[in-house]
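Chemist: Have a look at this one before I ask anything.
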Amino acid sequence: MNMPNVLPLALGLVIFSFIITSVLVVPFINLLYKLRITRRKEGVGGKEKSLFDRLHDKKAGTPTGGGILLITIVVLLFSSLLPLISHLGVFINTSYDLKPELLVIMFTFISFGLLGLTDDLTKIFGKGRAGNLGMWIGLSRGVKFGLQVVLGLAVGYLLYRNLGIHILHIPVFEVVVDLGIWYIPFAAFVIVFFANAFNFTDGLDGLASGLLMIYLFSYIILAANILDTPLFIFIALWLGTILAFLYFNVWPARIFLGDAGALSFGAMIAVIGLLVGNVAALFIIGGIFVIEAASSAIQILGWRILNRPIFKLAPIHHTFLAIGWEEPKIVMRAWLAGIILALVGDNMKARKTQADKALFGLVLVLTLLGILAVADVSAPQALAVFGDSFYFARQQLVWAGLGLVALIVSSNIHYSFWKRLALPFFAVSVALLIMVLLPGLGSKLLGARRWLVLGPINFQPAEVIKLSLALYLAKVADQEKRTLAYIIPIGVVAALIMAQPDLGTTLIVSSIGLVQIFVAGVSLLHLAGAVAAGGVMSTILVLFSDYRRQRLLTFLKSSTDPLGSSYHIRQILIALGSGGIFGVGLGQSRQKYLFLPEVATDSVFAVVAEEVGFIGATVLIILLAVLTIKIIKIALAAPDRFSAVFTAGVAAWMGGQIFLNIGSMVALVPLTGVPLPFFSYGGSSLLAILFTMGVVINISKARK
């Protein structure tokens, strides 16, 4: 059976299991009420209840154990319909031997469900015991986790011994590793991780079950593509039951999955990912589950290492509840994020060619060095403002983590995917630039309105527009449009950024656009006209703006007004001069102690150069130059017009920012306030750069 032929079968199976579940779920809810299998109130009597308990008490009295019904329906339908479908003449194709594959599926689904059921019944009917947060627990955490590990190892053994799975594909590097017998503990880790991740996520009405629905929609397509009929049928039947259950599980929920469903479903989505053979896609499509588990792990580490919480509550959805987000809104936003991750994960396919490993390694090195630099140079300012020397460092570390995830994801999605999104992405980015100018949305700081405030999230749309403009102009080049199709979007973006005002970023986006126009092969006469017009506009902006004119005059004669207009550049030159050949030593900078303005952002290079000296600063410049050269080489070897023009724009972006930042530090150009890639503090910039590097790495896989 090929992909088109299995779609009617999938639809039929989903509808059939949906009807069966819809008929049974209401009587099952009534049965749970009669058996008093309902959720208890949290906390211990006589004690003041925690915020966690108060958020969950409203769910007390709701039946729990819906997972029991869904597991039973899926197992019975799968056991009866698979032989029937085969008897009707449908060819049962499988990637493995049929009976061992069925054993893995059924054993995982049922065994983890029974473990969860035992925990559920112990909570409800056993002796009441309260956990650290007052949360009623059944089996002790050690016993519960130990049994999960045993079951995970058993499933890993079946995958390795009976199905012969022992290969792991590592994204980005396109490396295939033969784990041998070590595949067993690896599979156990993945299974136990997702079992608990699903359990953590199952805390809001419809959250986990809705994300599971999205996951199953994605994997039914993947199973159909690899022509694995048993897995395909199992997912279709499971999807139908979830669709019916979700009607009763969304806010306000009339029934919960319980641990029986949470542990079984979490373990099963891991096994499906292992059977399909794309573990990377598993972690992307199930990304919200991963985030929920990671937030809980970070919270535990915070208590154990820092003796204080990192988040208000964990998992992270509880933090959103605590700060006032309504439960349905949290769930809807999580579903939307899940859909986006599913689209990304479905586009992750193994490539025959390898990525540029050197570029990937260089990006990792620069990211690590950047985190260390921020931790070093920002300590005095962070201590003075926040009373915490590592405040900026922790923020940068979080953004770096998110950025590296974005890098891995974008490096595994074929670059043509972004061509399809180029226009809407650019339109949204322009809208964000407009929003930042609106009072109440845009935050004004030091006379400029550059930050957009959306609830708890603050970011700079100007960082996003660099990527979206490069993608859009690459698409324009691919469609071979006329010169105005390039000039108009560049002009609109430049005007909106100058309205903030931000001359430095305007120069960067203009450089991106002009380089892309040149690479696209637009008439040199038209290009010269665009450059001349840009030069005239820049001159006017400088001459008719007091502070820009003052910066230019200071650049031309830095000795004037040492405590006023030339203070910044003089302090930079003092830092550079103090470093000498070998530097004053790591952490020993004097200029970072509130002498040097913008020490963690625009002026980070000056402090780094002070501490590592001329030699260290030269090494840093060489690393950044190598990065730009490698991007240029990828552009020259790009497989098509779109990828070549886009990568050229990225080279202009990186090279332009590096030149303007370091050039202003050594007084080659006036101070412009442009951050140094990877090294300047700022989450918006780092996240955008790492995501973009992932796209460039993906293009390197297809280079000529």
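In the structure tokens, each chain is lettered A, B, ... as it comes, each chain's residues begin at 1, and ligands are numbered from 1 in order of appearance.
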Find the spatial neighbours of A:Ala253, counting only C-alpha atoms, within a cut-off of 10 Å - ignore same-chain residues fewer than 6 positions away - and output them as a list in words.

Modeler: Lys59, Thr62, Pro63, Leu204, Asp205, Gly206, Leu246 and Tyr247 of chain A

Chemist: Using DSSP on the backbone coordinates, identify the residues of stretch 161-240 of chain A assigned to strand (DSSP E); present them as a list in words.

Modeler: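 Restricting stretch 161-240 of chain A to strand (DSSP E) produces Ile167, Leu168, His169, Ile170, Val175, Val176, Val177 and Asp178 of chain A.
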
Chemist: For a test of reading the model, state the distance in Å between atom CA of A:Val584 and atom CA of A:Glu610, rounded to one decimal.

Modeler: 6.4 Å

Chemist: Calculate how many Å separate atom CA of A:Trp325 from atom CA of A:Ile288, rounding to one decimal.

Modeler: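 Going from atom CA of A:Trp325 over to atom CA of A:Ile288 covers 17.5 Å.
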
Chemist: So, counting only C-alpha atoms, which residue among A:Pro185, A:Pro501, A:Ile629, A:Ile330 is closest to A:Tyr160?

Modeler: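 Answer, going by the shortest atom-to-atom distance: A:Pro185.
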
Chemist: Would you compute the distance between atom CA of A:Ala400 and atom CA of A:Phe360? Give it in Å to one decimal.

Modeler: 14.4 Å

Chemist: Quick one: residues within 8 Å of A:Val279, only C-alpha atoms, excluding same-chain residues fewer than 6 positions away - as a PDB file with C-alpha atoms, in the first residue's frame?

Modeler:
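Output (selection.pdb):
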```pdb
ATOM      1  CA  LEU A 168      21.056   5.983  16.069  1.00  0.00           C
ATOM      2  CA  HIS A 169      20.999   8.839  13.572  1.00  0.00           C
ATOM      3  CA  GLY A 273       9.509   7.340  17.573  1.00  0.00           C
TER       4      GLY A 273
END
```

Chemist: Calculated over only C-alpha atoms, which of the candidates A:Ile73, A:Ala373, A:Val650, A:Val519 has the smallest distance to A:Ile242?

Modeler: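 Ranking A:Ile73, A:Ala373, A:Val650, A:Val519 by distance to A:Ile242, first place goes to A:Ile73.
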
Chemist: Could you give me, as a PyMOL selection string, each residue of stretch 375-423 of chain A that DSSP assigns to alpha helix (DSSP H) when run on this structure's backbone?

Modeler: chain A and resi 375-377+379-386+391-411+416-423

Chemist: Please save C-alpha atoms of the selected residues as a CSV table (one decimal), in the first residue's frame.

Modeler:
```csv
chain,number,residue,atom,x,y,z
A,375,ALA,CA,29.3,36.1,32.7
A,376,ASP,CA,32.7,37.9,33.1
A,377,VAL,CA,32.0,41.4,31.8
A,379,ALA,CA,29.1,40.7,36.8
A,380,PRO,CA,29.7,44.2,38.3
A,381,GLN,CA,26.7,45.7,36.6
A,382,ALA,CA,24.4,42.7,37.4
A,383,LEU,CA,25.5,43.0,41.1
A,384,ALA,CA,24.9,46.7,41.2
A,385,VAL,CA,21.4,46.6,39.6
A,386,PHE,CA,20.0,43.2,40.6
A,391,TYR,CA,21.9,37.6,36.5
A,392,PHE,CA,22.8,38.4,32.9
A,393,ALA,CA,24.9,35.2,32.6
A,394,ARG,CA,21.9,33.0,33.5
A,395,GLN,CA,19.6,34.9,31.1
A,396,GLN,CA,22.1,34.5,28.3
A,397,LEU,CA,22.5,30.8,29.2
A,398,VAL,CA,18.8,30.2,28.9
A,399,TRP,CA,18.7,32.0,25.5
A,400,ALA,CA,21.7,30.1,24.3
A,401,GLY,CA,20.0,26.8,25.2
A,402,LEU,CA,16.9,27.8,23.3
A,403,GLY,CA,19.1,29.0,20.4
A,404,LEU,CA,21.0,25.7,20.2
A,405,VAL,CA,17.7,23.8,20.1
A,406,ALA,CA,16.5,26.2,17.3
A,407,LEU,CA,19.8,25.6,15.5
A,408,ILE,CA,19.4,21.8,15.6
A,409,VAL,CA,15.8,22.1,14.5
A,410,SER,CA,16.5,24.5,11.6
A,411,SER,CA,19.5,22.6,10.5
A,416,SER,CA,13.1,25.2,0.8
A,417,PHE,CA,10.6,25.0,3.7
A,418,TRP,CA,11.5,28.6,4.6
A,419,LYS,CA,11.0,29.8,1.1
A,420,ARG,CA,7.3,28.9,1.4
A,421,LEU,CA,7.1,30.9,4.7
A,422,ALA,CA,9.2,33.8,3.5
A,423,LEU,CA,6.3,36.2,2.6
```

Chemist: Just want the 10 Å neighbourhood of stretch 190-194 of chain A, counted on only C-alpha atoms, with same-chain residues fewer than 2 positions away dropped. Output as a PyMOL selection string.

Modeler: chain A and resi 108+112+145-153+155-156+185-188+196-200+262-274+279+282-283+286+289-290+293

Chemist: Smallest atom-to-atom distance to A:Ile490: which of A:Lys123, A:Lys99, A:Lys475, A:Lys466, using only C-alpha atoms?

Modeler: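 Under the stated criterion, the closest residue is A:Lys466.
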